[in-house]
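Trainee: Input structure: final-v6.pdb, which contains PDB, C-alpha atoms and all ligand atoms.
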```
ATOM      1  CA  MET A   1      90.063 113.948 100.591
ATOM      2  CA  PRO A   2      93.546 113.757 102.082
ATOM      3  CA  LYS A   3      92.708 110.648 104.106
ATOM      4  CA  THR A   4      90.265 107.945 103.076
ATOM      5  CA  LYS A   5      89.307 104.810 104.974
ATOM      6  CA  GLU A   6      87.690 101.987 103.061
ATOM      7  CA  LEU A   7      86.709  98.457 103.875
ATOM      8  CA  LEU A   8      86.943  96.862 100.425
ATOM      9  CA  SER A   9      84.371  94.104 100.341
ATOM     10  CA  PHE A  10      83.948  91.289  97.842
ATOM     11  CA  GLN A  11      81.281  88.624  97.944
ATOM     12  CA  TYR A  12      82.536  85.506  96.263
ATOM     13  CA  ASP A  13      80.456  82.327  96.320
ATOM     14  CA  ASN A  14      79.962  81.514  99.982
ATOM     15  CA  PHE A  15      82.590  83.772 101.435
ATOM     16  CA  LYS A  16      83.185  87.446 101.894
ATOM     17  CA  ILE A  17      86.556  89.102 101.575
ATOM     18  CA  GLU A  18      87.139  92.338 103.469
ATOM     19  CA  ILE A  19      90.302  94.398 103.089
ATOM     20  CA  PRO A  20      90.823  97.514 105.253
ATOM     21  CA  VAL A  21      92.662 100.256 103.369
ATOM     22  CA  VAL A  22      93.721 103.709 104.561
ATOM     23  CA  THR A  23      94.934 106.059 101.844
ATOM     24  CA  LEU A  24      96.983 109.052 102.989
ATOM     25  CA  ARG A  25      97.388 111.767 100.383
ATOM     26  CA  GLY A  26     100.168 114.170 101.215
ATOM     27  CA  GLU A  27      99.566 117.871 101.483
ATOM     28  CA  GLY A  28     103.313 118.549 101.329
ATOM     29  CA  GLY A  29     103.726 118.238  97.564
ATOM     30  CA  ASP A  30     104.266 115.597  94.922
ATOM     31  CA  GLY A  31     105.963 112.315  95.650
ATOM     32  CA  PRO A  32     105.747 108.621  94.869
ATOM     33  CA  THR A  33     102.925 106.291  95.815
ATOM     34  CA  ALA A  34     103.801 103.550  98.282
ATOM     35  CA  ALA A  35     101.612 100.486  98.817
ATOM     36  CA  ILE A  36     102.227  98.849 102.182
ATOM     37  CA  THR A  37     100.613  95.658 103.459
ATOM     38  CA  ALA A  38     100.670  94.156 106.942
ATOM     39  CA  GLY A  39      98.864  91.150 108.352
ATOM     40  CA  ILE A  40      99.337  88.878 105.338
ATOM     41  CA  HIS A  41      99.886  86.505 108.272
ATOM     42  CA  GLY A  42      97.117  87.261 110.729
ATOM     43  CA  CYS A  43      99.038  86.959 114.018
ATOM     44  CA  GLU A  44     102.084  89.051 113.068
ATOM     45  CA  TYR A  45     101.030  92.104 115.015
ATOM     46  CA  THR A  46     104.028  94.444 114.990
ATOM     47  CA  GLY A  47     103.669  95.389 111.332
ATOM     48  CA  ILE A  48      99.901  95.770 111.621
ATOM     49  CA  PHE A  49     100.237  98.148 114.565
ATOM     50  CA  SER A  50     102.920 100.247 112.886
ATOM     51  CA  LEU A  51     100.496 100.837 110.000
ATOM     52  CA  LEU A  52      97.596 101.628 112.354
ATOM     53  CA  LYS A  53      99.810 104.149 114.157
ATOM     54  CA  LEU A  54     100.968 105.630 110.858
ATOM     55  CA  ALA A  55      97.351 106.009 109.713
ATOM     56  CA  SER A  56      96.413 107.647 112.970
ATOM     57  CA  GLU A  57      99.428 109.873 113.646
ATOM     58  CA  LEU A  58     101.066 110.953 110.393
ATOM     59  CA  ASP A  59     100.880 114.714 109.780
ATOM     60  CA  LEU A  60      99.739 114.896 106.159
ATOM     61  CA  LYS A  61     101.317 118.328 105.759
ATOM     62  CA  LYS A  62     104.675 116.554 106.015
ATOM     63  CA  LEU A  63     103.773 113.879 103.465
ATOM     64  CA  LYS A  64     104.587 114.125  99.763
ATOM     65  CA  GLY A  65     102.809 111.747  97.420
ATOM     66  CA  THR A  66     100.564 108.956  98.648
ATOM     67  CA  LEU A  67     100.699 106.076 101.126
ATOM     68  CA  LYS A  68      98.222 103.284 100.567
ATOM     69  CA  LEU A  69      98.088 101.221 103.759
ATOM     70  CA  ILE A  70      96.461  97.779 103.693
ATOM     71  CA  THR A  71      96.496  97.436 107.450
ATOM     72  CA  ILE A  72      95.333  93.816 107.893
ATOM     73  CA  ALA A  73      95.557  91.901 104.634
ATOM     74  CA  SER A  74      94.318  88.559 105.997
ATOM     75  CA  LEU A  75      91.471  89.826 108.122
ATOM     76  CA  ASP A  76      89.906  86.371 108.570
ATOM     77  CA  ALA A  77      93.173  84.955 109.912
ATOM     78  CA  PHE A  78      93.555  87.971 112.227
ATOM     79  CA  GLU A  79      90.047  87.723 113.624
ATOM     80  CA  LYS A  80      90.310  83.951 114.149
ATOM     81  CA  ARG A  81      93.901  84.241 115.516
ATOM     82  CA  ASN A  82      94.909  81.710 112.902
ATOM     83  CA  MET A  83      98.659  81.599 112.383
ATOM     84  CA  PHE A  84     100.348  81.361 108.962
ATOM     85  CA  VAL A  85      97.342  80.133 106.982
ATOM     86  CA  SER A  86      93.804  81.197 106.135
ATOM     87  CA  PRO A  87      91.162  79.613 108.379
ATOM     88  CA  LEU A  88      88.966  79.165 105.297
ATOM     89  CA  ASP A  89      91.157  77.038 103.056
ATOM     90  CA  GLY A  90      94.325  76.289 105.048
ATOM     91  CA  LYS A  91      96.541  78.058 102.504
ATOM     92  CA  ASN A  92      99.443  80.366 103.369
ATOM     93  CA  PRO A  93      98.661  83.533 101.360
ATOM     94  CA  ASN A  94     102.364  84.232 100.962
ATOM     95  CA  ARG A  95     102.697  81.123  98.756
ATOM     96  CA  TYR A  96      99.774  81.825  96.413
ATOM     97  CA  PHE A  97     100.501  85.207  94.859
ATOM     98  CA  PRO A  98      99.624  86.653  92.391
ATOM     99  CA  GLY A  99      96.313  84.921  93.116
ATOM    100  CA  ALA A 100      93.498  84.064  90.740
ATOM    101  CA  GLN A 101      89.737  84.052  90.510
ATOM    102  CA  ASP A 102      89.413  80.286  90.706
ATOM    103  CA  GLY A 103      86.868  79.934  93.489
ATOM    104  CA  THR A 104      89.275  79.422  96.388
ATOM    105  CA  PHE A 105      89.454  81.961  99.177
ATOM    106  CA  THR A 106      93.191  82.650  99.351
ATOM    107  CA  ASN A 107      93.641  82.919  95.596
ATOM    108  CA  GLU A 108      90.732  85.348  95.388
ATOM    109  CA  LEU A 109      92.063  87.361  98.360
ATOM    110  CA  ASN A 110      95.481  87.603  96.717
ATOM    111  CA  PHE A 111      93.938  88.643  93.413
ATOM    112  CA  ARG A 112      92.125  91.478  95.234
ATOM    113  CA  LEU A 113      95.266  92.465  97.154
ATOM    114  CA  MET A 114      97.210  92.677  93.891
ATOM    115  CA  GLN A 115      94.481  94.972  92.522
ATOM    116  CA  ALA A 116      94.800  97.182  95.602
ATOM    117  CA  ILE A 117      98.602  97.356  95.252
ATOM    118  CA  GLN A 118      98.535  98.102  91.512
ATOM    119  CA  GLY A 119      99.491 101.669  90.659
ATOM    120  CA  ALA A 120     102.076 102.009  93.425
ATOM    121  CA  ASP A 121     105.661 103.077  92.698
ATOM    122  CA  TYR A 122     107.072 100.821  95.395
ATOM    123  CA  TYR A 123     105.813  98.177  97.802
ATOM    124  CA  LEU A 124     106.549  97.102 101.373
ATOM    125  CA  ASP A 125     105.140  94.035 103.131
ATOM    126  CA  LEU A 126     105.433  94.062 106.934
ATOM    127  CA  HIS A 127     105.788  90.802 108.831
ATOM    128  CA  ALA A 128     106.996  89.426 112.178
ATOM    129  CA  GLY A 129     107.454  85.984 113.608
ATOM    130  CA  ASP A 130     104.020  84.398 113.933
ATOM    131  CA  LEU A 131     102.667  82.843 117.181
ATOM    132  CA  VAL A 132     105.284  80.080 117.233
ATOM    133  CA  GLU A 133     108.108  81.811 115.393
ATOM    134  CA  ALA A 134     111.134  83.781 116.607
ATOM    135  CA  LEU A 135     113.366  85.754 114.275
ATOM    136  CA  VAL A 136     116.185  88.256 114.049
ATOM    137  CA  PRO A 137     115.056  91.358 112.140
ATOM    138  CA  PHE A 138     115.597  90.990 108.400
ATOM    139  CA  THR A 139     114.487  92.355 105.067
ATOM    140  CA  LEU A 140     113.951  90.216 102.009
ATOM    141  CA  PHE A 141     113.779  91.240  98.368
ATOM    142  CA  HIS A 142     113.418  89.465  95.032
ATOM    143  CA  LYS A 143     116.405  89.420  92.741
ATOM    144  CA  SER A 144     115.104  89.491  89.176
ATOM    145  CA  GLY A 145     118.335  89.804  87.245
ATOM    146  CA  ASP A 146     117.373  93.321  86.131
ATOM    147  CA  ASN A 147     120.179  95.286  87.774
ATOM    148  CA  GLU A 148     118.334  98.591  87.904
ATOM    149  CA  MET A 149     115.240  97.092  89.539
ATOM    150  CA  ASP A 150     117.278  94.930  91.911
ATOM    151  CA  GLY A 151     119.332  97.980  92.892
ATOM    152  CA  LYS A 152     116.189  99.930  93.769
ATOM    153  CA  ALA A 153     114.849  97.066  95.897
ATOM    154  CA  LEU A 154     118.203  96.667  97.655
ATOM    155  CA  ALA A 155     118.328 100.408  98.390
ATOM    156  CA  ILE A 156     114.878 100.221 100.000
ATOM    157  CA  ALA A 157     115.920  97.146 102.002
ATOM    158  CA  LYS A 158     119.057  98.954 103.199
ATOM    159  CA  HIS A 159     117.071 102.015 104.246
ATOM    160  CA  TYR A 160     114.691  99.891 106.305
ATOM    161  CA  ASN A 161     117.890  99.529 108.285
ATOM    162  CA  LEU A 162     117.628  96.037 109.746
ATOM    163  CA  PRO A 163     120.783  94.041 110.537
ATOM    164  CA  ASN A 164     120.102  91.277 107.981
ATOM    165  CA  ILE A 165     119.268  91.663 104.277
ATOM    166  CA  CYS A 166     118.453  88.585 102.236
ATOM    167  CA  SER A 167     117.679  88.382  98.535
ATOM    168  CA  SER A 168     115.769  85.514  96.981
ATOM    169  CA  THR A 169     115.204  84.228  93.483
ATOM    170  CA  THR A 170     112.615  82.124  91.738
ATOM    171  CA  GLY A 171     114.916  79.140  91.399
ATOM    172  CA  GLY A 172     116.835  79.484  94.696
ATOM    173  CA  LYS A 173     117.103  77.019  97.578
ATOM    174  CA  TRP A 174     114.319  79.084  99.079
ATOM    175  CA  ALA A 175     112.316  79.796  95.942
ATOM    176  CA  ASP A 176     110.196  82.922  96.260
ATOM    177  CA  ASP A 177     107.463  81.839  93.836
ATOM    178  CA  GLY A 178     104.100  82.726  95.287
ATOM    179  CA  THR A 179     105.324  85.437  97.658
ATOM    180  CA  THR A 180     103.854  88.936  97.818
ATOM    181  CA  TYR A 181     107.055  90.798  97.089
ATOM    182  CA  ALA A 182     108.337  88.661  94.197
ATOM    183  CA  ASN A 183     104.966  88.753  92.440
ATOM    184  CA  VAL A 184     104.389  92.461  93.000
ATOM    185  CA  ALA A 185     107.883  93.143  91.656
ATOM    186  CA  LYS A 186     107.250  90.968  88.592
ATOM    187  CA  ALA A 187     103.678  92.039  87.837
ATOM    188  CA  PHE A 188     104.111  95.794  88.256
ATOM    189  CA  ASN A 189     107.851  96.176  87.693
ATOM    190  CA  ILE A 190     108.317  98.070  90.970
ATOM    191  CA  PRO A 191     110.768  97.520  93.836
ATOM    192  CA  ALA A 192     109.233  95.385  96.593
ATOM    193  CA  VAL A 193     110.592  94.453 100.014
ATOM    194  CA  ILE A 194     109.441  92.377 102.998
ATOM    195  CA  ALA A 195     110.445  93.516 106.486
ATOM    196  CA  GLU A 196     110.355  91.096 109.426
ATOM    197  CA  VAL A 197     110.602  92.430 113.002
ATOM    198  CA  GLY A 198     109.265  90.908 116.248
ATOM    199  CA  GLY A 199     107.755  87.507 116.866
ATOM    200  CA  PHE A 200     105.904  84.973 119.042
ATOM    201  CA  GLY A 201     102.668  86.784 118.178
ATOM    202  CA  GLN A 202     103.692  89.505 120.654
ATOM    203  CA  LEU A 203     102.925  93.177 120.195
ATOM    204  CA  ASP A 204     106.388  94.172 121.326
ATOM    205  CA  ALA A 205     106.799  97.961 121.593
ATOM    206  CA  LYS A 206     110.454  97.913 120.535
ATOM    207  CA  ALA A 207     109.651  95.894 117.408
ATOM    208  CA  VAL A 208     106.854  98.306 116.471
ATOM    209  CA  GLU A 209     109.337 101.164 116.908
ATOM    210  CA  ILE A 210     111.880  99.429 114.636
ATOM    211  CA  HIS A 211     109.219  98.912 111.956
ATOM    212  CA  THR A 212     108.180 102.569 112.277
ATOM    213  CA  GLU A 213     111.754 103.844 112.054
ATOM    214  CA  GLY A 214     112.327 101.620 109.024
ATOM    215  CA  LEU A 215     109.234 102.993 107.318
ATOM    216  CA  PHE A 216     110.235 106.615 107.913
ATOM    217  CA  ASN A 217     113.772 105.966 106.745
ATOM    218  CA  VAL A 218     112.388 104.496 103.503
ATOM    219  CA  PHE A 219     109.928 107.412 103.142
ATOM    220  CA  LYS A 220     112.848 109.841 103.376
ATOM    221  CA  HIS A 221     114.905 107.818 100.904
ATOM    222  CA  MET A 222     112.005 107.660  98.421
ATOM    223  CA  GLY A 223     110.972 111.290  98.807
ATOM    224  CA  ASN A 224     107.674 110.833 100.658
ATOM    225  CA  ILE A 225     109.012 112.699 103.699
ATOM    226  CA  GLU A 226     111.545 115.531 103.805
ATOM    227  CA  GLY A 227     114.801 114.817 105.600
ATOM    228  CA  THR A 228     117.960 112.769 105.612
ATOM    229  CA  PRO A 229     117.653 109.047 106.314
ATOM    230  CA  GLN A 230     119.486 107.738 109.373
ATOM    231  CA  PRO A 231     122.926 106.253 108.726
ATOM    232  CA  PHE A 232     122.907 102.510 108.067
ATOM    233  CA  ILE A 233     123.530 100.167 110.966
ATOM    234  CA  GLU A 234     125.854  97.213 110.307
ATOM    235  CA  GLN A 235     124.062  95.050 107.756
ATOM    236  CA  THR A 236     124.907  91.501 106.713
ATOM    237  CA  ARG A 237     123.945  90.324 103.234
ATOM    238  CA  PHE A 238     122.540  86.909 102.364
ATOM    239  CA  ASN A 239     121.575  85.750  98.893
ATOM    240  CA  ASP A 240     119.579  82.654  99.746
ATOM    241  CA  MET A 241     117.989  80.768 102.615
ATOM    242  CA  VAL A 242     117.850  77.111 103.494
ATOM    243  CA  TRP A 243     114.857  75.903 105.457
ATOM    244  CA  LEU A 244     115.349  72.891 107.707
ATOM    245  CA  TYR A 245     112.528  70.403 108.263
ATOM    246  CA  THR A 246     111.972  67.296 110.343
ATOM    247  CA  LYS A 247     111.072  64.084 108.545
ATOM    248  CA  ASN A 248     108.770  62.778 111.246
ATOM    249  CA  LYS A 249     106.282  64.234 113.676
ATOM    250  CA  GLY A 250     107.110  64.399 117.368
ATOM    251  CA  PHE A 251     108.432  66.579 120.189
ATOM    252  CA  TYR A 252     111.289  68.840 119.096
ATOM    253  CA  TYR A 253     113.958  69.952 121.545
ATOM    254  CA  ASN A 254     115.705  73.025 120.134
ATOM    255  CA  GLU A 255     119.428  73.601 120.811
ATOM    256  CA  ILE A 256     120.152  76.850 118.963
ATOM    257  CA  THR A 257     119.404  80.574 119.332
ATOM    258  CA  ILE A 258     118.194  82.887 116.588
ATOM    259  CA  GLY A 259     121.096  84.864 115.147
ATOM    260  CA  ASP A 260     123.514  81.962 115.788
ATOM    261  CA  GLU A 261     126.196  81.334 113.186
ATOM    262  CA  VAL A 262     126.149  77.656 112.261
ATOM    263  CA  LYS A 263     128.431  75.463 110.202
ATOM    264  CA  LYS A 264     127.113  72.658 108.010
ATOM    265  CA  GLY A 265     126.656  69.614 110.222
ATOM    266  CA  ASP A 266     126.317  71.544 113.505
ATOM    267  CA  ARG A 267     123.726  70.093 115.786
ATOM    268  CA  MET A 268     120.502  72.142 115.926
ATOM    269  CA  GLY A 269     118.121  69.990 117.930
ATOM    270  CA  THR A 270     116.570  66.615 118.636
ATOM    271  CA  LEU A 271     113.229  65.130 117.708
ATOM    272  CA  PHE A 272     111.692  62.678 120.171
ATOM    273  CA  ASN A 273     108.739  60.427 119.531
ATOM    274  CA  TYR A 274     105.926  60.314 122.088
ATOM    275  CA  PHE A 275     107.702  57.551 124.022
ATOM    276  CA  GLY A 276     110.960  59.455 124.579
ATOM    277  CA  ASP A 277     112.979  57.751 121.815
ATOM    278  CA  VAL A 278     115.268  60.008 119.804
ATOM    279  CA  VAL A 279     114.009  59.650 116.242
ATOM    280  CA  GLU A 280     116.056  62.397 114.553
ATOM    281  CA  THR A 281     119.069  64.571 115.258
ATOM    282  CA  LEU A 282     118.730  67.746 113.211
ATOM    283  CA  THR A 283     121.921  69.343 111.893
ATOM    284  CA  ALA A 284     122.594  72.520 109.950
ATOM    285  CA  PRO A 285     122.266  71.847 106.214
ATOM    286  CA  ALA A 286     124.644  74.696 105.313
ATOM    287  CA  ASP A 287     126.925  77.374 106.783
ATOM    288  CA  GLY A 288     125.032  80.523 107.681
ATOM    289  CA  ARG A 289     123.074  82.536 110.215
ATOM    290  CA  VAL A 290     119.846  81.339 111.806
ATOM    291  CA  LEU A 291     117.356  84.020 110.734
ATOM    292  CA  PHE A 292     114.254  82.425 112.236
ATOM    293  CA  ARG A 293     113.137  79.313 114.059
ATOM    294  CA  THR A 294     109.924  77.637 115.139
ATOM    295  CA  THR A 295     109.504  77.981 118.899
ATOM    296  CA  SER A 296     106.887  75.291 119.494
ATOM    297  CA  PRO A 297     108.205  71.772 120.170
ATOM    298  CA  ALA A 298     105.094  70.267 118.561
ATOM    299  CA  MET A 299     106.251  69.128 115.126
ATOM    300  CA  THR A 300     104.177  67.652 112.343
ATOM    301  CA  GLU A 301     105.757  65.462 109.670
ATOM    302  CA  LYS A 302     107.985  67.711 107.577
ATOM    303  CA  GLY A 303     107.796  70.277 110.389
ATOM    304  CA  LEU A 304     109.648  73.537 109.819
ATOM    305  CA  ILE A 305     112.579  73.945 112.245
ATOM    306  CA  ALA A 306     114.452  77.042 111.095
ATOM    307  CA  GLY A 307     115.649  79.185 108.208
ATOM    308  CA  ILE A 308     119.372  79.740 107.672
ATOM    309  CA  GLY A 309     120.578  82.728 105.684
ATOM    310  CA  ILE A 310     123.412  81.947 103.239
ATOM    311  CA  ARG A 311     125.952  84.750 102.878
ATOM    312  CA  GLY A 312     126.340  86.407  99.518
ATOM    313  CA  GLU A 313     125.336  89.455  97.518
TER     314      GLU A 313
HETATM  315 ZN    ZN B   1     104.710  86.540 107.910
END
```
In structure tokens, what does this structure look like?
Mentor:
Amino acid sequence: MPKTKELLSFQYDNFKIEIPVVTLRGEGGDGPTAAITAGIHGCEYTGIFSLLKLASELDLKKLKGTLKLITIASLDAFEKRNMFVSPLDGKNPNRYFPGAQDGTFTNELNFRLMQAIQGADYYLDLHAGDLVEALVPFTLFHKSGDNEMDGKALAIAKHYNLPNICSSTTGGKWADDGTTYANVAKAFNIPAVIAEVGGFGQLDAKAVEIHTEGLFNVFKHMGNIEGTPQPFIEQTRFNDMVWLYTKNKGFYYNEITIGDEVKKGDRMGTLFNYFGDVVETLTAPADGRVLFRTTSPAMTEKGLIAGIGIRGE
């Protein structure tokens, strides 16, 4: 069968895990196997829709090798419109890879996702800004220290052709322990990249197009589709991220724009308490570019304000 559609289903204690998978087997010859996930965060729609379109529209005669598309990885979060975390246990799946069979929903889901990804030659994880998150398009890959593997991941990130490329490490300021891509890279020794385009929980047509172009560019680079990849756009490299948090809860008034270049100490916004007193002035913790920010003014204690990419290769 060139195209199979499966709803993988696992009963586990009181909950059921369902994972929709479309497998496209090329009729155009041999090529690598790509595993691609979207919807690890249930309200990041641009990546999900690019995979649904790919499943529906790709001419298999033009495909070499295999594409395994996990179209909505966190189906419960998608169906409940639950941003960032699972509605069943409140965990962010992208912090609990590689998962485990320990009786909690997210760990079990991640364990099953890892099983579905296993066997691939490379891995892509499609994201966007969630319901209250705005971002400039960026790719993210794990730097392992193995130059050959890191070079392959960087090449895939470059071919996705977004303006910002950030690498992360296990011990960095933004440690990538628990993420999809770092754990897939480590467990299966394959290149793995996250791509982030779009945001605010919007199904923005342009963002879907950018994801789709990125996918096809990578398919050409990896040999899944015939053709020459598009030339690279201008790409800025970052080798770490710093995430900025409030200390207190309150109403946050943002004073920056995504993509802004900030210097350490630059003012980023103000946190008010519920009586209009300024309780915190937030400043940039480092020099860099604002890659994403939270758009909602409602901040919990230790509320996430923004992520700043730190330049470096
Ligand atoms: Zn995400």
Trainee: Name each residue within 8 Å of ligand ZN 1 (chain B), counting only C-alpha atoms and all ligand atoms, as a PyMOL selection string.
Mentor: chain A and resi 39-41+44+84+94+126-130+196
Trainee: What does the structure give for the distance between CA of Lys53 in chain A and CA of Thr4 in chain A, in Å to one decimal?
Mentor: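 Computed distance, CA of Lys53 in chain A to CA of Thr4 in chain A, equals 15.1 Å.
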Trainee: As a JSON list (two decimals) with C-alpha atoms, in the coordinates of the input, please: the residues near Thr23 in chain A (cut-off 8 Å, only C-alpha atoms, same-chain neighbours under 4 positions excluded).
Mentor:
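Final file, around-v1.json:
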```json
[["chain", "number", "residue", "atom", "x", "y", "z"],
["A", 2, "PRO", "CA", 93.55, 113.76, 102.08],
["A", 3, "LYS", "CA", 92.71, 110.65, 104.11],
["A", 4, "THR", "CA", 90.26, 107.94, 103.08],
["A", 5, "LYS", "CA", 89.31, 104.81, 104.97],
["A", 66, "THR", "CA", 100.56, 108.96, 98.65],
["A", 67, "LEU", "CA", 100.70, 106.08, 101.13],
["A", 68, "LYS", "CA", 98.22, 103.28, 100.57],
["A", 69, "LEU", "CA", 98.09, 101.22, 103.76]]
```
Trainee: Rounded to one decimal, what separation in Å do you get between CA of Phe188 in chain A and CA of Tyr123 in chain A?
Mentor: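 Between CA of Phe188 in chain A and CA of Tyr123 in chain A the gap works out to 10.0 Å.
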Trainee: Could you tell me which of A:Ala34, A:Cys43, A:Leu140, A:Met83 comes closest to Ile225 in chain A if we count all atoms listed in the file?
Mentor: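 Of the candidates, the smallest distance to Ile225 in chain A is held by A:Ala34.
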Trainee: Would you pick out the contacts of range 204-214 of chain A at 9 Å or less, using only C-alpha atoms, so that residues sharing its chain but fewer than 5 positions from it are not included, and give the list as a PDB file with C-alpha atoms, in the frame of the given file?
Mentor:
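Output saved as around-v2.pdb:
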```pdb
ATOM      1  CA  TYR A  45     101.030  92.104 115.015  1.00  0.00           C
ATOM      2  CA  THR A  46     104.028  94.444 114.990  1.00  0.00           C
ATOM      3  CA  GLY A  47     103.669  95.389 111.332  1.00  0.00           C
ATOM      4  CA  ILE A  48      99.901  95.770 111.621  1.00  0.00           C
ATOM      5  CA  PHE A  49     100.237  98.148 114.565  1.00  0.00           C
ATOM      6  CA  SER A  50     102.920 100.247 112.886  1.00  0.00           C
ATOM      7  CA  LEU A  51     100.496 100.837 110.000  1.00  0.00           C
ATOM      8  CA  LYS A  53      99.810 104.149 114.157  1.00  0.00           C
ATOM      9  CA  LEU A  54     100.968 105.630 110.858  1.00  0.00           C
ATOM     10  CA  LEU A 126     105.433  94.062 106.934  1.00  0.00           C
ATOM     11  CA  ALA A 128     106.996  89.426 112.178  1.00  0.00           C
ATOM     12  CA  PRO A 137     115.056  91.358 112.140  1.00  0.00           C
ATOM     13  CA  HIS A 159     117.071 102.015 104.246  1.00  0.00           C
ATOM     14  CA  TYR A 160     114.691  99.891 106.305  1.00  0.00           C
ATOM     15  CA  ASN A 161     117.890  99.529 108.285  1.00  0.00           C
ATOM     16  CA  LEU A 162     117.628  96.037 109.746  1.00  0.00           C
ATOM     17  CA  ALA A 195     110.445  93.516 106.486  1.00  0.00           C
ATOM     18  CA  GLU A 196     110.355  91.096 109.426  1.00  0.00           C
ATOM     19  CA  VAL A 197     110.602  92.430 113.002  1.00  0.00           C
ATOM     20  CA  GLY A 198     109.265  90.908 116.248  1.00  0.00           C
ATOM     21  CA  GLY A 199     107.755  87.507 116.866  1.00  0.00           C
ATOM     22  CA  PHE A 219     109.928 107.412 103.142  1.00  0.00           C
TER      23      PHE A 219
END
```
Trainee: Considering all atoms listed in the file, tabulate each residue of range 151-229 of chain A that lies at most 12 Å from range 111-120 of chain A along with its nearest interatomic pair and the corresponding distance in Å to one decimal; arrange the rows by chain and ascending residue number and present them as a tab-separated table.
Mentor:
```
residue	atom	partner	partner_atom	distance
A:Gly178	CA	A:Phe111	CA	11.9
A:Thr179	CA	A:Met114	CA	11.5
A:Thr180	CA	A:Met114	CA	8.6
A:Tyr181	CA	A:Met114	CA	10.5
A:Ala182	CA	A:Met114	CA	11.8
A:Asn183	CA	A:Met114	CA	8.8
A:Val184	CA	A:Met114	CA	7.2
A:Ala185	CA	A:Gln118	CA	10.6
A:Lys186	CA	A:Met114	CA	11.5
A:Ala187	CA	A:Gln118	CA	8.8
A:Phe188	CA	A:Gln118	CA	6.9
A:Asn189	CA	A:Ala120	CA	10.0
A:Ile190	CA	A:Ala120	CA	7.8
A:Pro191	CA	A:Ala120	CA	9.8
A:Ala192	CA	A:Ala120	CA	10.3
```
